[in-house]
Amino acid sequence: MLTSKEIRAQFLDFFHSKEHKIVSGSPVVPFDDPTLLFTNAGMNQFKDVFLGTGKREYNRAADTQKCIRVSGKHNDLEEVGHDTYHHTFFEMLGNWSFGDYYKKEAIAWAWELLTEVWKLPKERLWATVYKSDDEAIEIWKSVTDINPNHILKFGEKDNFWEMGETGPCGPCSEIHINLSDDLENASLVNAGKQECIEIWNLVFIQYNRLHDGSLEDLPAKHVDTGMGFERVCAVIQKKSSNYDTDVFTPLINEIEIISGADYQNTGEIVPIRVIADHIRTLSFAIADGAVPGNDGRGYVLRRILRRASRYGRKINLNEPFLYRLVDILADEMGSVFPEIAAKKDYVKKIIKAEEESFNRTLDRGIEQFEKIVLELNPESSPVIPGAEVFKLYDTFGFPVDLTRVMALEKEFGIDEEGFEKLMEEQKKRAREATKSKFASSVAQLNDLSDFETENANGTSFTGYDEFQTPAHITGFKKDNGTGFIILEKSPFYVEAGGQIDDTGKIYIGEKEILIQDVMKIDGNIIHVFEDTDDIPVTNGIEVNAAIDRGRRLDIMRNHSGTHFMHSALRQILGTHVQQAGSYVGPERLRFDFTHFGKVTPEEITDIEGLVNSKLRENIELQHHRSIPIDEAKKMGALMFFGDKYGDFVNVVQFGDFSVEFCGGTHVSNSGQIGLFKILSEASISSGIRRIEAVTGAGIESYINSQLAKIKEYDERYHQLSEEKKKLERELADIKLAAKMKNLDAIVSSPVLVKGVNVFAGKLDAANADELKSLGDGLRSKIKSGAGLLASVIDGKVSLVCIVTDDVISGKKLSAGTLVSEIAKQLGGGGGGRPQLATAGAKDIAKLSDALNSFPNLVSSKIE
């Protein structure tokens with residue numbers, strides 16, 4: 001029996017023998033195609049060829065392509081696990097002709113591979129064709145020996161292939177295999193039953209579907225075929241289910257080990273299948289740069305992970321477990337797709353973190369769900385209100401599809417209409433908050449059908465080399481106060497790859513037009529402005545297009561700074577770092593990237609230091625324009641998120657430090673960036689970090705703002721300091737006033753010595769100055785006499801002595817002499833003026849005796 005690896009190799013070898021170039025599949029995350037969440041077909045990487053906007057160095061190709069189908073037309077998510085052949089992630093084996101061979105060869109070779117190489121029984125094979133494609137029917141009859149009765153016609157639903165709402169499309173011929181015992185039952189074909197399944201689709205691409213739904217002929221006819229790898233493995237290995245092939249059995253065996261479940265147990269088959277399928281989707285998507293999040297492809301991955309996690313609970317996997325399957329997957333598929341082996345540790349960290357987060361969400365959501373259903377009766381109220389479903393989703397982060405499944409388990413439905421209404425109201429509020437003046441006219445602009453054009457064959461972008469360009473108008477349109485101009489050439493950059501639009505002016509003679517917005521349609525740059533009747537717009541006239549030079553220079557500094565930071569992040573944090581979004585404007589740059597933990601302050605310092613050291617090296621820009629993509633890849637250029645790459649690409653290189661695919665505008669020398677400073681670093685979703693930074697003029701603004709803050713802080717500090725001092729003085733006065741009252745006890749008990757009132761006592765004082773103030777207070781209270789106050793401050797004795805003027809003159813007493821004598825008794829010293837003197841001493845034990853001796857001392861000193 002052929003293994004899956006042998007089957008894959010035989011397919012590629014067969015088409016190599018038919019002079020096809022064996023090419024690598026594209027990443028499952030289509031960074032270069034904004035119309036797709038995930039790569040859902042092998043032809044995605046050749047879309048530009050089919051549209052006539054790109055070409056390859058070969059006319060025939062074959063590969064195996066990683067695909068994810070979970071949304072839009074190809075939404076297989078809800079069926080996964082419940083049947084034997086639907087998957088969210090699968091490999092698509094494909095062969096292509098770009099304007100070379102067509103239906104005859106495609107049909108003949110498909111039949112040859114299936115029946116002569118793989119020996120599939122001819123009597124079980126059926127072919128379907130588009131209802132009006134008589135040519136294909138005749139080819140099937142003439143170049144193969146298929147049973148003519150096994151050729152069936154079907155309509156658009158089954159036999160007209162389209163990649164999406166718009167884009168390349170055409171009639172197709174599908175090959176089905178009847179696995180039932182009723183070999184001549186035509187009703188099984190396209191019936192959606194497992195007894196008869198499609199294994200190969202031969203698409204004959206000859207049209208392009210436009211936004212209005214109409215079809216236009218493509219410049220050349222092409223062939224695009226896709227074979228479900230997992231399905232053909234099941235057929236060749238004679239398995240009744242894709243999950244029973246060696247593509248899945250290693251994963252299923254590991255799930256049985258970690259869960260204790262049995263795949264042969266009917267109740268455990270679906271959970272095991274769901275987990276085995278979903279871990280493949282998650283692992284390959286994350287390895288290719290996507291991460292679970294709250295919108296777009298991130299939300300799809302989050303739904304898939306949560307679906308797998310919830311099915312895990314059905315087989316007693318209540319703790320994070322999905323991440324434990326990544327090693328098995330990497331071992332099995334790493335030889336074909338090396339990225340899954342190279343990034344497995346990163347993939348495991350992202351999945352584990354998301355599982356832990358969801359477990360917390362699931363526990364809260366289940367608790368709230370149980371409260372809701374407890375208050376409802378499935379007989380009288382069989383539907384959970386839309387408001388409750390929305391609350392679970394909006395407040396508790398509980399996915400509506402999980403609410404739906406759990407409701408069904410408890411014999412409830414959910415109010416889908418009410419939920420959708422609330423969701424639409426939420427979206428409407430978000431849209432209202434972001435409306436712009438030109439939103440209505442610009443949003444409806446999908447093509448040039450309403451333009452007056454003259455040689456509008458695309459606009460040559462001059463903005464790499466100049467800020468101002470003379471040009472001729474080749475098309476225009478006016479619509480409700482909004483004007484649109486197409487030029488043959490223009491320096492205006494249209495937002496792409498994170499770099500925002502240019503702003504500026506177009507001069508028509510002496511008339512100045514302020515450009516509010518720019519966009520691109522079919523290679524033409526559309527310049528949007530506020531129209532007035534006096535603006536003379538006519539095809540063929542010469543104008544002067546000038547962008548805001550200062551603003552563009554700031555953007556260029558930030559864009560080049562982004563490249564330097566990207567390289568520094570990969571050097572310091574690791575090569576798992578991949579760009580997940582960016583914003584490059586004049587005032588700042590924002591960079592989203594994959595990383596499993598917070599960037600530490602030390603790492604921030606290292607990143608800034610590395611970037612700034614490179615900027616100071618004055619590295620010259622090497623701008624490789626319109627070079628073959630294979631040559632760019634050989635240079636080691638990194639692909640930037642959001643950019644579209646064709647056969648010929650631009651590469652921005654700064655020495656050997658940074659080499660990026662990039663169509664944006666950049667400085668010519670790293671020294672022109674000036675300085676680089678990171679302002680903030682934070683998490684925006686599981687596994688995604690965001691850095692905001694500034695360069696050039698942004699550094700000046702940052703420094704000025706910091707200086708302003710320092711000045712404001714300094715002024716506030718001084719203000720608060722003065723207020724503090726004032727309050728301290730007021731508080732001290734209050735405390736002093738309270739202590740002054742304590743003097744009353746001393747004043748009321750004088751000792752009369754030789755006609756002099758003598759006062760002595762001990763008080764509490766905060767410090768020597770306060771004791772001195774108390775001495776002044778005593779002097780004013782007693783009117784006439786001599787006094788001694790003592791206080792223990794910080795473990796030492798402080799003394800203050802006062803003598804009133806009349807006693808000084810009449811009795812010849814001096815406060816300095818008195819306090820010096822007392823201090824000596826206590827092992828200290830002091831002195832001062834006759835009116836008031838202070839002293840300090842150490843012997844606290846003798847303080848009472850010293851106070852008691854004060855009247856005798858006064859007596860001895862009176863002349």
# chains A, B, ... in the order shown; residues from 1 in each chain; ligands from 1
$ residues_around --residues "A:Leu120" --least-positions-apart "5" --cutoff "10 Å" --atoms "only C-alpha atoms" --output "MDAnalysis selection string"
chainID A and resid 111 113:115 125 177 235:236
$ select_by_dssp --residues "stretch 117-231 of chain A" --states "strand (DSSP E)" --output "mmCIF file with N, CA, C and O atoms, in the first residue's frame"
data_model
loop_
_atom_site.group_PDB
_atom_site.id
_atom_site.type_symbol
_atom_site.label_atom_id
_atom_site.label_comp_id
_atom_site.auth_asym_id
_atom_site.auth_seq_id
_atom_site.Cartn_x
_atom_site.Cartn_y
_atom_site.Cartn_z
ATOM 1 N N LEU A 125 -15.201 5.607 -11.652
ATOM 2 C CA LEU A 125 -14.930 7.027 -11.884
ATOM 3 C C LEU A 125 -16.023 7.680 -12.717
ATOM 4 O O LEU A 125 -16.502 7.104 -13.709
ATOM 5 N N TRP A 126 -16.396 8.878 -12.315
ATOM 6 C CA TRP A 126 -17.407 9.677 -13.006
ATOM 7 C C TRP A 126 -16.826 11.065 -13.281
ATOM 8 O O TRP A 126 -16.004 11.561 -12.507
ATOM 9 N N ALA A 127 -17.262 11.684 -14.386
ATOM 10 C CA ALA A 127 -16.832 13.044 -14.722
ATOM 11 C C ALA A 127 -18.049 13.937 -14.841
ATOM 12 O O ALA A 127 -19.053 13.549 -15.445
ATOM 13 N N THR A 128 -17.965 15.137 -14.263
ATOM 14 C CA THR A 128 -19.038 16.118 -14.428
ATOM 15 C C THR A 128 -18.491 17.315 -15.203
ATOM 16 O O THR A 128 -17.307 17.642 -15.095
ATOM 17 N N VAL A 129 -19.347 17.940 -15.990
ATOM 18 C CA VAL A 129 -18.950 19.112 -16.773
ATOM 19 C C VAL A 129 -20.020 20.184 -16.633
ATOM 20 O O VAL A 129 -21.166 19.907 -16.247
ATOM 21 N N TYR A 130 -19.622 21.419 -16.968
ATOM 22 C CA TYR A 130 -20.585 22.529 -16.934
ATOM 23 C C TYR A 130 -21.655 22.302 -18.000
ATOM 24 O O TYR A 130 -21.377 21.782 -19.088
ATOM 25 N N ILE A 151 -20.477 10.479 -17.752
ATOM 26 C CA ILE A 151 -20.225 11.907 -17.960
ATOM 27 C C ILE A 151 -21.544 12.652 -17.768
ATOM 28 O O ILE A 151 -22.507 12.418 -18.503
ATOM 29 N N LEU A 152 -21.589 13.538 -16.768
ATOM 30 C CA LEU A 152 -22.839 14.207 -16.398
ATOM 31 C C LEU A 152 -22.681 15.723 -16.468
ATOM 32 O O LEU A 152 -21.602 16.257 -16.247
ATOM 33 N N LYS A 153 -23.815 16.400 -16.776
ATOM 34 C CA LYS A 153 -23.829 17.869 -16.813
ATOM 35 C C LYS A 153 -24.428 18.435 -15.531
ATOM 36 O O LYS A 153 -25.406 17.902 -15.004
ATOM 37 N N PHE A 154 -23.835 19.534 -15.040
ATOM 38 C CA PHE A 154 -24.376 20.239 -13.879
ATOM 39 C C PHE A 154 -24.276 21.748 -14.110
ATOM 40 O O PHE A 154 -23.587 22.205 -15.023
ATOM 41 N N PHE A 160 -19.142 25.451 -12.076
ATOM 42 C CA PHE A 160 -18.577 26.723 -12.502
ATOM 43 C C PHE A 160 -17.780 27.237 -11.319
ATOM 44 O O PHE A 160 -18.346 27.609 -10.289
ATOM 45 N N TRP A 161 -16.474 27.237 -11.455
ATOM 46 C CA TRP A 161 -15.594 27.500 -10.304
ATOM 47 C C TRP A 161 -15.259 28.976 -10.195
ATOM 48 O O TRP A 161 -14.901 29.624 -11.178
ATOM 49 N N GLU A 162 -15.374 29.506 -8.956
ATOM 50 C CA GLU A 162 -14.987 30.885 -8.675
ATOM 51 C C GLU A 162 -14.210 30.916 -7.363
ATOM 52 O O GLU A 162 -14.609 30.279 -6.393
ATOM 53 N N GLY A 167 -12.916 37.974 -9.296
ATOM 54 C CA GLY A 167 -11.654 37.360 -9.677
ATOM 55 C C GLY A 167 -11.792 36.313 -10.754
ATOM 56 O O GLY A 167 -12.867 36.121 -11.342
ATOM 57 N N PRO A 168 -10.685 35.585 -11.040
ATOM 58 C CA PRO A 168 -10.672 34.585 -12.103
ATOM 59 C C PRO A 168 -11.681 33.478 -11.850
ATOM 60 O O PRO A 168 -11.903 33.065 -10.707
ATOM 61 N N CYS A 169 -12.279 32.959 -12.927
ATOM 62 C CA CYS A 169 -13.277 31.898 -12.804
ATOM 63 C C CYS A 169 -13.463 31.221 -14.155
ATOM 64 O O CYS A 169 -12.925 31.660 -15.166
ATOM 65 N N GLY A 170 -14.261 30.172 -14.165
ATOM 66 C CA GLY A 170 -14.534 29.491 -15.417
ATOM 67 C C GLY A 170 -15.215 28.153 -15.192
ATOM 68 O O GLY A 170 -15.365 27.693 -14.058
ATOM 69 N N PRO A 171 -15.633 27.487 -16.268
ATOM 70 C CA PRO A 171 -16.275 26.175 -16.149
ATOM 71 C C PRO A 171 -15.269 25.140 -15.668
ATOM 72 O O PRO A 171 -14.052 25.295 -15.861
ATOM 73 N N CYS A 172 -15.750 24.100 -15.054
ATOM 74 C CA CYS A 172 -14.837 23.077 -14.565
ATOM 75 C C CYS A 172 -15.385 21.686 -14.844
ATOM 76 O O CYS A 172 -16.584 21.502 -15.094
ATOM 77 N N SER A 173 -14.495 20.739 -14.785
ATOM 78 C CA SER A 173 -14.863 19.335 -14.929
ATOM 79 C C SER A 173 -14.332 18.601 -13.707
ATOM 80 O O SER A 173 -13.123 18.600 -13.457
ATOM 81 N N GLU A 174 -15.229 18.003 -12.950
ATOM 82 C CA GLU A 174 -14.842 17.319 -11.716
ATOM 83 C C GLU A 174 -14.798 15.811 -11.936
ATOM 84 O O GLU A 174 -15.586 15.256 -12.706
ATOM 85 N N ILE A 175 -13.884 15.178 -11.219
ATOM 86 C CA ILE A 175 -13.785 13.723 -11.266
ATOM 87 C C ILE A 175 -14.216 13.189 -9.910
ATOM 88 O O ILE A 175 -13.690 13.595 -8.865
ATOM 89 N N HIS A 176 -15.199 12.296 -9.918
ATOM 90 C CA HIS A 176 -15.751 11.701 -8.702
ATOM 91 C C HIS A 176 -15.477 10.212 -8.702
ATOM 92 O O HIS A 176 -15.343 9.587 -9.766
ATOM 93 N N ILE A 177 -15.409 9.622 -7.534
ATOM 94 C CA ILE A 177 -15.274 8.176 -7.427
ATOM 95 C C ILE A 177 -16.433 7.613 -6.610
ATOM 96 O O ILE A 177 -16.750 8.103 -5.521
ATOM 97 N N ASN A 178 -17.088 6.622 -7.178
ATOM 98 C CA ASN A 178 -18.227 5.973 -6.528
ATOM 99 C C ASN A 178 -17.691 4.837 -5.671
ATOM 100 O O ASN A 178 -17.138 3.863 -6.180
ATOM 101 N N CYS A 196 -20.039 8.648 -2.704
ATOM 102 C CA CYS A 196 -19.468 9.131 -3.960
ATOM 103 C C CYS A 196 -18.876 10.516 -3.723
ATOM 104 O O CYS A 196 -19.605 11.469 -3.457
ATOM 105 N N ILE A 197 -17.545 10.639 -3.829
ATOM 106 C CA ILE A 197 -16.895 11.903 -3.472
ATOM 107 C C ILE A 197 -16.069 12.442 -4.644
ATOM 108 O O ILE A 197 -15.555 11.693 -5.472
ATOM 109 N N GLU A 198 -15.963 13.761 -4.673
ATOM 110 C CA GLU A 198 -15.114 14.415 -5.668
ATOM 111 C C GLU A 198 -13.657 14.284 -5.232
ATOM 112 O O GLU A 198 -13.325 14.496 -4.067
ATOM 113 N N ILE A 199 -12.778 13.931 -6.185
ATOM 114 C CA ILE A 199 -11.355 13.833 -5.836
ATOM 115 C C ILE A 199 -10.494 14.797 -6.636
ATOM 116 O O ILE A 199 -9.359 15.091 -6.247
ATOM 117 N N TRP A 200 -10.998 15.290 -7.784
ATOM 118 C CA TRP A 200 -10.157 16.177 -8.598
ATOM 119 C C TRP A 200 -11.051 17.142 -9.353
ATOM 120 O O TRP A 200 -12.080 16.744 -9.899
ATOM 121 N N ASN A 201 -10.646 18.412 -9.353
ATOM 122 C CA ASN A 201 -11.406 19.441 -10.069
ATOM 123 C C ASN A 201 -10.495 20.070 -11.118
ATOM 124 O O ASN A 201 -9.448 20.623 -10.775
ATOM 125 N N LEU A 202 -10.912 19.980 -12.376
ATOM 126 C CA LEU A 202 -10.155 20.570 -13.473
ATOM 127 C C LEU A 202 -10.875 21.853 -13.884
ATOM 128 O O LEU A 202 -11.967 21.807 -14.445
ATOM 129 N N VAL A 203 -10.263 22.983 -13.565
ATOM 130 C CA VAL A 203 -10.897 24.278 -13.830
ATOM 131 C C VAL A 203 -10.288 24.890 -15.081
ATOM 132 O O VAL A 203 -9.062 24.965 -15.221
ATOM 133 N N PHE A 204 -11.159 25.338 -15.955
ATOM 134 C CA PHE A 204 -10.724 25.962 -17.199
ATOM 135 C C PHE A 204 -10.995 27.458 -17.087
ATOM 136 O O PHE A 204 -12.113 27.932 -17.326
ATOM 137 N N ILE A 205 -9.973 28.191 -16.688
ATOM 138 C CA ILE A 205 -10.135 29.609 -16.347
ATOM 139 C C ILE A 205 -10.072 30.459 -17.612
ATOM 140 O O ILE A 205 -9.053 30.493 -18.301
ATOM 141 N N GLN A 206 -11.176 31.126 -17.888
ATOM 142 C CA GLN A 206 -11.211 31.982 -19.069
ATOM 143 C C GLN A 206 -11.933 33.298 -18.822
ATOM 144 O O GLN A 206 -11.990 34.151 -19.695
ATOM 145 N N TYR A 207 -12.475 33.488 -17.590
ATOM 146 C CA TYR A 207 -13.214 34.722 -17.286
ATOM 147 C C TYR A 207 -12.654 35.398 -16.032
ATOM 148 O O TYR A 207 -11.981 34.788 -15.208
ATOM 149 N N ASN A 208 -13.023 36.682 -15.880
ATOM 150 C CA ASN A 208 -12.769 37.443 -14.662
ATOM 151 C C ASN A 208 -14.101 38.015 -14.189
ATOM 152 O O ASN A 208 -14.787 38.716 -14.933
ATOM 153 N N ARG A 209 -14.506 37.672 -12.963
ATOM 154 C CA ARG A 209 -15.766 38.172 -12.395
ATOM 155 C C ARG A 209 -15.521 39.566 -11.823
ATOM 156 O O ARG A 209 -14.664 39.750 -10.968
ATOM 157 N N LEU A 215 -19.081 39.123 -16.285
ATOM 158 C CA LEU A 215 -17.880 38.386 -16.647
ATOM 159 C C LEU A 215 -17.178 39.063 -17.816
ATOM 160 O O LEU A 215 -17.824 39.580 -18.727
ATOM 161 N N GLU A 216 -15.852 39.050 -17.778
ATOM 162 C CA GLU A 216 -15.078 39.523 -18.917
ATOM 163 C C GLU A 216 -14.038 38.469 -19.257
ATOM 164 O O GLU A 216 -13.570 37.731 -18.385
ATOM 165 N N ASP A 217 -13.701 38.356 -20.545
ATOM 166 C CA ASP A 217 -12.709 37.376 -20.969
ATOM 167 C C ASP A 217 -11.330 37.748 -20.444
ATOM 168 O O ASP A 217 -10.958 38.924 -20.416
ATOM 169 N N LEU A 218 -10.592 36.735 -20.031
ATOM 170 C CA LEU A 218 -9.208 36.964 -19.628
ATOM 171 C C LEU A 218 -8.327 37.046 -20.874
ATOM 172 O O LEU A 218 -8.703 36.544 -21.948
ATOM 173 N N PRO A 219 -7.158 37.660 -20.748
ATOM 174 C CA PRO A 219 -6.273 37.788 -21.917
ATOM 175 C C PRO A 219 -5.876 36.446 -22.532
ATOM 176 O O PRO A 219 -5.610 36.362 -23.725
ATOM 177 N N ALA A 220 -5.806 35.392 -21.705
ATOM 178 C CA ALA A 220 -5.447 34.062 -22.218
ATOM 179 C C ALA A 220 -6.201 33.007 -21.411
ATOM 180 O O ALA A 220 -6.660 33.259 -20.299
ATOM 181 N N LYS A 221 -6.336 31.804 -21.971
ATOM 182 C CA LYS A 221 -7.013 30.711 -21.292
ATOM 183 C C LYS A 221 -6.008 29.901 -20.480
ATOM 184 O O LYS A 221 -4.888 29.646 -20.929
ATOM 185 N N HIS A 222 -6.451 29.487 -19.316
ATOM 186 C CA HIS A 222 -5.551 28.790 -18.405
ATOM 187 C C HIS A 222 -6.225 27.535 -17.849
ATOM 188 O O HIS A 222 -7.448 27.388 -17.884
ATOM 189 N N VAL A 223 -5.395 26.665 -17.300
ATOM 190 C CA VAL A 223 -5.879 25.472 -16.606
ATOM 191 C C VAL A 223 -5.432 25.552 -15.152
ATOM 192 O O VAL A 223 -4.279 25.869 -14.862
ATOM 193 N N ASP A 224 -6.368 25.252 -14.253
ATOM 194 C CA ASP A 224 -6.073 25.231 -12.811
ATOM 195 C C ASP A 224 -6.735 23.991 -12.249
ATOM 196 O O ASP A 224 -7.966 23.881 -12.262
ATOM 197 N N THR A 225 -5.965 23.023 -11.798
ATOM 198 C CA THR A 225 -6.577 21.819 -11.246
ATOM 199 C C THR A 225 -6.265 21.704 -9.768
ATOM 200 O O THR A 225 -5.222 22.181 -9.303
ATOM 201 N N GLY A 226 -7.158 21.082 -9.049
ATOM 202 C CA GLY A 226 -6.953 20.884 -7.620
ATOM 203 C C GLY A 226 -7.462 19.529 -7.181
ATOM 204 O O GLY A 226 -8.619 19.178 -7.422
ATOM 205 N N MET A 227 -6.589 18.780 -6.545
ATOM 206 C CA MET A 227 -6.952 17.444 -6.055
ATOM 207 C C MET A 227 -6.813 17.432 -4.540
ATOM 208 O O MET A 227 -5.768 17.821 -3.992
ATOM 209 N N GLY A 228 -7.846 16.979 -3.851
ATOM 210 C CA GLY A 228 -7.784 16.857 -2.397
ATOM 211 C C GLY A 228 -6.843 15.732 -2.007
ATOM 212 O O GLY A 228 -7.148 14.555 -2.231
#
$ closest_atom_pairs --of "stretch 58-141 of chain A" --to "stretch 11-29 of chain A" --cutoff "12 Å" --atoms "only C-alpha atoms" --output "CSV"
residue,atom,partner,partner_atom,distance
A:Tyr58,CA,A:Lys21,CA,7.0
A:Asn59,CA,A:His20,CA,7.9
A:Arg60,CA,A:His20,CA,4.7
A:Ala61,CA,A:Lys21,CA,4.6
A:Ala62,CA,A:Ile22,CA,5.0
A:Asp63,CA,A:Val23,CA,5.5
A:Thr64,CA,A:Gly25,CA,6.0
A:Gln65,CA,A:Gly25,CA,4.7
A:Lys66,CA,A:Val28,CA,5.8
A:Cys67,CA,A:Val28,CA,6.0
A:Ile68,CA,A:Val28,CA,7.0
A:Arg69,CA,A:Val28,CA,10.3
A:Thr88,CA,A:Val28,CA,11.8
A:Phe89,CA,A:Val28,CA,9.4
A:Phe90,CA,A:Val28,CA,10.5
A:Glu91,CA,A:Gly25,CA,9.9
A:Met92,CA,A:Gly25,CA,9.6
A:Leu93,CA,A:Phe11,CA,7.6
A:Gly94,CA,A:Phe11,CA,8.8
A:Asn95,CA,A:Phe15,CA,7.4
A:Trp96,CA,A:His20,CA,8.2
A:Ser97,CA,A:His20,CA,8.7
A:Phe98,CA,A:His20,CA,11.0
A:Asp100,CA,A:His20,CA,11.1
A:Tyr101,CA,A:Lys18,CA,11.1
A:Glu105,CA,A:Lys18,CA,10.0
A:Ala106,CA,A:Phe15,CA,10.8
A:Ala108,CA,A:Lys18,CA,11.7
A:Trp109,CA,A:Phe15,CA,8.6
A:Ala110,CA,A:Phe15,CA,10.0
A:Glu112,CA,A:Phe14,CA,9.6
A:Leu113,CA,A:Phe14,CA,7.4
A:Leu114,CA,A:Phe11,CA,9.8
A:Glu116,CA,A:Phe14,CA,11.1
A:Val117,CA,A:Phe14,CA,8.6
A:Trp118,CA,A:Phe11,CA,9.6
$ residues_around --residues "A:Arg833" --least-positions-apart "4" --cutoff "7 Å" --atoms "only C-alpha atoms" --output "PDB file with N, CA and C atoms, in the first residue's frame"
ATOM      1  N   ALA A 815      20.698  85.664  81.782  1.00  0.00           N
ATOM      2  CA  ALA A 815      20.213  84.335  81.352  1.00  0.00           C
ATOM      3  C   ALA A 815      21.376  83.460  80.895  1.00  0.00           C
ATOM      4  N   GLY A 816      22.408  84.091  80.231  1.00  0.00           N
ATOM      5  CA  GLY A 816      23.546  83.315  79.759  1.00  0.00           C
ATOM      6  C   GLY A 816      24.305  82.659  80.882  1.00  0.00           C
ATOM      7  N   ALA A 837      18.898  82.730  76.724  1.00  0.00           N
ATOM      8  CA  ALA A 837      20.074  81.919  76.408  1.00  0.00           C
ATOM      9  C   ALA A 837      19.677  80.449  76.383  1.00  0.00           C
TER      10      ALA A 837
END
$ residues_around --residues "A:Ala745" --least-positions-apart "6" --cutoff "12 Å" --atoms "only C-alpha atoms" --output "ChimeraX atom specification"
/A:739,759-763,778,781-782
$ write_last_selection --atoms "N, CA, C and O atoms" --output "compact mmCIF listing (two decimals), in the first residue's frame"
# COMPACT_ATOMS: atom_id res chain seq x y z
N LYS A 739 1.17 74.17 73.18
CA LYS A 739 2.20 74.01 74.21
C LYS A 739 2.34 75.26 75.06
O LYS A 739 2.74 75.18 76.23
N PHE A 759 10.78 80.87 87.88
CA PHE A 759 9.92 79.85 87.28
C PHE A 759 10.80 78.75 86.67
O PHE A 759 11.80 79.05 86.02
N ALA A 760 10.43 77.50 86.86
CA ALA A 760 11.20 76.39 86.28
C ALA A 760 10.25 75.23 86.00
O ALA A 760 9.33 74.96 86.78
N GLY A 761 10.52 74.53 84.88
CA GLY A 761 9.68 73.37 84.56
C GLY A 761 10.13 72.65 83.30
O GLY A 761 10.96 73.14 82.53
N LYS A 762 9.56 71.47 83.11
CA LYS A 762 9.88 70.62 81.97
C LYS A 762 8.69 70.58 81.01
O LYS A 762 7.55 70.43 81.43
N LEU A 763 8.96 70.69 79.69
CA LEU A 763 7.93 70.67 78.66
C LEU A 763 8.33 69.74 77.51
O LEU A 763 9.51 69.41 77.34
N LEU A 778 7.23 82.32 77.56
CA LEU A 778 7.29 82.42 79.02
C LEU A 778 7.69 83.84 79.43
O LEU A 778 7.13 84.42 80.36
N LYS A 781 4.81 86.13 79.27
CA LYS A 781 3.73 85.83 80.19
C LYS A 781 4.03 86.30 81.64
O LYS A 781 3.14 86.75 82.35
N ILE A 782 5.30 86.20 82.04
CA ILE A 782 5.59 86.42 83.45
C ILE A 782 5.77 87.92 83.80
O ILE A 782 5.81 88.30 84.97
$ closest_residue --among "A:Gly671, A:Val651, A:Ala845, A:Gly289" --to "A:Lys634" --atoms "only C-alpha atoms"
A:Val651
$ residues_around --residues "A:Thr245" --least-positions-apart "3" --cutoff "9 Å" --atoms "only C-alpha atoms" --output "ChimeraX atom specification"
/A:3-4,230,233-234,237-239,241-242,248-249
$ write_last_selection --atoms "C-alpha atoms" --output "PDB file, in the first residue's frame"
ATOM      1  CA  THR A   3       2.015   5.800   1.914  1.00  0.00           C
ATOM      2  CA  SER A   4       0.779   9.388   1.777  1.00  0.00           C
ATOM      3  CA  GLU A 230      -6.335  13.589   1.943  1.00  0.00           C
ATOM      4  CA  CYS A 233      -4.960   9.044  -0.018  1.00  0.00           C
ATOM      5  CA  ALA A 234      -8.107   7.502   1.463  1.00  0.00           C
ATOM      6  CA  GLN A 237      -5.210   3.265   0.748  1.00  0.00           C
ATOM      7  CA  LYS A 238      -8.753   1.830   0.613  1.00  0.00           C
ATOM      8  CA  LYS A 239      -9.898   3.614   3.747  1.00  0.00           C
ATOM      9  CA  SER A 241     -12.434   7.863   5.988  1.00  0.00           C
ATOM     10  CA  ASN A 242      -9.665  10.389   5.385  1.00  0.00           C
ATOM     11  CA  PHE A 248      -4.057  11.534  10.415  1.00  0.00           C
ATOM     12  CA  THR A 249      -3.339   8.330  12.355  1.00  0.00           C
TER      13      THR A 249
END
$ residues_around --residues "A:Leu322" --least-positions-apart "6" --cutoff "9 Å" --atoms "only C-alpha atoms" --output "ChimeraX atom specification"
/A:275,279,305,308-309,312,348,351-352,355
$ atom_distance --atom1 "atom CA of A:Asp794" --atom2 "atom CA of A:Ala823"
16.9 Å
$ closest_atom_pairs --of "stretch 289-361 of chain A" --to "stretch 392-410 of chain A" --cutoff "10 Å" --atoms "only C-alpha atoms" --output "Markdown table"
| residue | atom | partner | partner_atom | distance |
| --- | --- | --- | --- | --- |
| A:Asn294 | CA | A:Gly397 | CA | 9.7 |
| A:Arg302 | CA | A:Pro399 | CA | 9.4 |
| A:Arg303 | CA | A:Pro399 | CA | 7.3 |
| A:Arg306 | CA | A:Pro399 | CA | 8.4 |
| A:Arg307 | CA | A:Leu402 | CA | 7.5 |
| A:Arg310 | CA | A:Leu402 | CA | 8.4 |
| A:Phe358 | CA | A:Gly397 | CA | 9.1 |
| A:Thr361 | CA | A:Gly397 | CA | 6.6 |
$ closest_residue --among "A:Pro338, A:Gly827, A:Gly99, A:Gly574" --to "A:Ala287" --atoms "only C-alpha atoms"
A:Pro338
$ closest_residue --among "A:Lys811, A:Arg625, A:Lys783, A:Arg551" --to "A:Gly698" --atoms "only C-alpha atoms"
A:Arg551
$ closest_residue --among "A:Pro121, A:Gly413, A:Pro601, A:Gly52" --to "A:Leu376" --atoms "only C-alpha atoms"
A:Gly413
